[in-house]
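To start, the structure under review is shown below, and the notes come after it.
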Amino acid sequence: MDITLDLNGTSHRLDVDPRTTLLDALRHDLGLTGTKKGCDHGQCGACTVLMDGRRINSCLTLACMAEGKEITTIEGIGTPDQLSPLQQQFLDHDGFQCGYCTPGQICSATAMLEEIAAGWPSHASGSLEGPFDLSHAEIAERMSGNLCRCAAYSNIVAAIRQAAKADALHKDAA
Amino acid sequence: MKPFSFHRAASVADLPAGATIIAGGTNLLDLMKLEVMTPDALVDITRLSLDRIEPAADGLRIGALVRNSDLAADAVIRRDYPVLTRALLAGASGQLRNMATTGGNLMQRTRCPYFYDRRMACNKREPGTGCAAIGGITRNHAILGTSDHCIATYPGDMAVALRALDAEVEIDGPAPRRVPLADFHRLPGDTPHVETVLKPGEIITAVVLPAPVGGQQRYRKVRDRASYAFALVSVAAVIRVQDGRIAHAALAFGGVAAKPWRDPDAERLLIGQQPSDALFQSAADTVLRLARSQGDNGFKIPLLRRTLIATLRDATGMEAAA
């Protein structure tokens, strides 16, 4: 079937089998291999992309159901010449080892910080009312959908905290 | 995945006959990849306007397509039905909650590993083939309401809270109706493949909550790891204490049966009484009077007892939760 995907600000026309997941469409049909296939069952988070600004598992989304949505992949988050603040912090804090889960971690963390800014509580929140801090417990809970088999978690948490802190400073200054 | 035809629903009244409904797809697509579910036709309902949370007569109407994350963060839900927010946040991951819908969450299938493994006999997947779980590895299985045909659990958290809140399920179809959530999921009996009262041609359009009852609301979930795991057991509690006595008690249990479990006898026993450990022990005795171990899951019986008592102590202010 013919579909149009709105991807990183550009429209792409594709002819896909209805069975094609968004993940496979990105990697195979569009050649965007930044998004990774880990478990292919929604358990590891390596395939995390943003759909209308929200983090989702692209392996559990049919490409044909993503039509009309704004999709952002790691390629749309930043480039080697122009890293996003989170990408820079992952480098500065060594927030990876093999790097396979990293695009998913960064897409997920990008949206997770927006969720906190929007006042969404988490399982780790003592009160449901907020505001919510960026404690280790909060970040670990909110990022539990992204596994890292190298277990770079402590540096991933540090990178996310630093990016959020820098962002808060930036906002205070503005 | 087996091939299927893909359709987009134009309206609730115009769903293609025989097509399997897909919304968030987080469970269905997983099962289709494993070919545990092999629908010939899928109908995407995500473009229907069923995504609003709006006031209803004395309560709240939650559209079937409201995403788990939006429901958990909704200001009215957080204020008036906090047990529901807590249950939602205790389930799945941030990514999955952004996709999973209110209606779809009620329709999710068991995570019994024998149901997922097509080489295994399973009366739920293939009626009449037997149940390989019985006598197998039963750590995750049910202790209440089982049959000789199936010992699978309903895995979700959201529905456990909804059960304690006396929610109803709004169903559209040839004869629109509302069903108490209590009656929506079925115990396995000799037809474990029939999991709900939803009939072909029917669709969940909303979940309706009655007026808030206030009180202390808790969702206590015990699992193998601190996040992103299904419940071994869970307790949803809505408790109101007035003048030192329990005036309202609604208790629902997850991870122990094929549906969110509730025991009116245990609740009756609590009403009008002063909170005490002895009282909570007898409530737990009542809930567990028919509990049956399958072997590996025997630990769930003392675990549910302790979790219930801890939740009641917490909700009645006897002591902070351990």
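In the structure tokens, chains take letters A, B, ... by order of appearance, with residues numbered from 1 within each chain and ligands from 1 in the order shown.
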
Legend entry - 12 Å contact set for Leu83 (chain A), only C-alpha atoms, chain neighbours under 6 positions out, as a PyMOL selection string: chain A and resi 74-77+89-92+106

Got a sec: who's within 9 Å of Pro212 (chain B), counting only C-alpha atoms, leaving out chain neighbours fewer than 5 positions off, as a PDB file with N, CA and C atoms, in the first residue's frame?
```pdb
ATOM      1  N   ASP B  58     -22.509  12.462  37.166  1.00  0.00           N
ATOM      2  CA  ASP B  58     -21.881  12.218  38.476  1.00  0.00           C
ATOM      3  C   ASP B  58     -20.473  11.644  38.418  1.00  0.00           C
ATOM      4  N   GLY B  59     -19.924  11.476  37.241  1.00  0.00           N
ATOM      5  CA  GLY B  59     -18.608  10.850  37.202  1.00  0.00           C
ATOM      6  C   GLY B  59     -17.796  11.350  36.022  1.00  0.00           C
ATOM      7  N   ASP B  80      -8.956  13.100  41.824  1.00  0.00           N
ATOM      8  CA  ASP B  80     -10.140  12.386  42.320  1.00  0.00           C
ATOM      9  C   ASP B  80     -10.013  10.868  42.287  1.00  0.00           C
ATOM     10  N   TYR B  81      -9.132  10.338  41.425  1.00  0.00           N
ATOM     11  CA  TYR B  81      -9.003   8.887  41.288  1.00  0.00           C
ATOM     12  C   TYR B  81      -7.519   8.497  41.284  1.00  0.00           C
ATOM     13  N   LEU B 165     -12.603   1.018  41.613  1.00  0.00           N
ATOM     14  CA  LEU B 165     -13.365   2.263  41.460  1.00  0.00           C
ATOM     15  C   LEU B 165     -14.773   2.016  40.919  1.00  0.00           C
TER      16      LEU B 165
END
```

Inset, instruction - Counting only C-alpha atoms, collect the residues of chain B whose closest atom lies at most 6 Å from chain A, and write them out as a list in words. - result: Thr26, Asp30, Ala73, Leu89, Ala90, Ser93 and Gln95 of chain B

Inset, instruction - Check region 120-173 of chain B with DSSP on the backbone and list each residue it calls helix (DSSP H, G or I), as a ChimeraX atom specification. - result: /B:158-164

Inset, instruction - Find the residue from B:Phe230, B:Tyr116, B:Tyr219, B:Trp261 that sits nearest to Leu181 (chain B); use only C-alpha atoms when measuring. - result: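 Residue with the minimum atom-to-atom distance to Leu181 (chain B): B:Trp261.
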
Legend entry - Separation of CA of Gly254 (chain B) from CA of Ile309 (chain B) in Å: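 Rounded to one decimal, the two atoms are 15.1 Å apart.
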
Inset, instruction - For region 292-306 of chain B, work out the shell of residues within 9 Å, counting only C-alpha atoms and skipping chain neighbours fewer than 4 positions away, then give it as a ChimeraX atom specification. - result: /B:134-146,151,222,232-235,253,255-256,281,283-285,287-288,310-311

Inset, instruction - In Å, rounded to a single decimal, give me how far CA of Asn155 (chain A) is from CA of Met99 (chain B). - result: 28.1 Å

Legend entry - Two-atom distance - CA of Ala163 (chain A), CA of Pro85 (chain A) (Å):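 So the two atoms, CA of Ala163 (chain A) and CA of Pro85 (chain A), lie 6.1 Å apart.
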
Inset, instruction - Go through B:Thr102, B:Thr129, B:Gln108, B:Thr85 one by one, measure the shortest atom-to-atom distance of each to Arg52 (chain B) using only C-alpha atoms, and give the residue with the smallest value. - result: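 Nearest candidate to Arg52 (chain B) out of B:Thr102, B:Thr129, B:Gln108, B:Thr85: B:Thr102.
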
Legend entry - In region 73-222 of chain B, DSSP strand (DSSP E or B) residues written as a ChimeraX atom specification: /B:101,122,131,168-172,177-180,185,196,203-209,216-222

Inset, instruction - Rank B:Glu35, B:Leu312, B:Gly201, B:Glu267 by their smallest atom-to-atom distance to Ala17 (chain B), using only C-alpha atoms, and report the top residue only. - result: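 Selected residue with least distance to Ala17 (chain B): B:Gly201.
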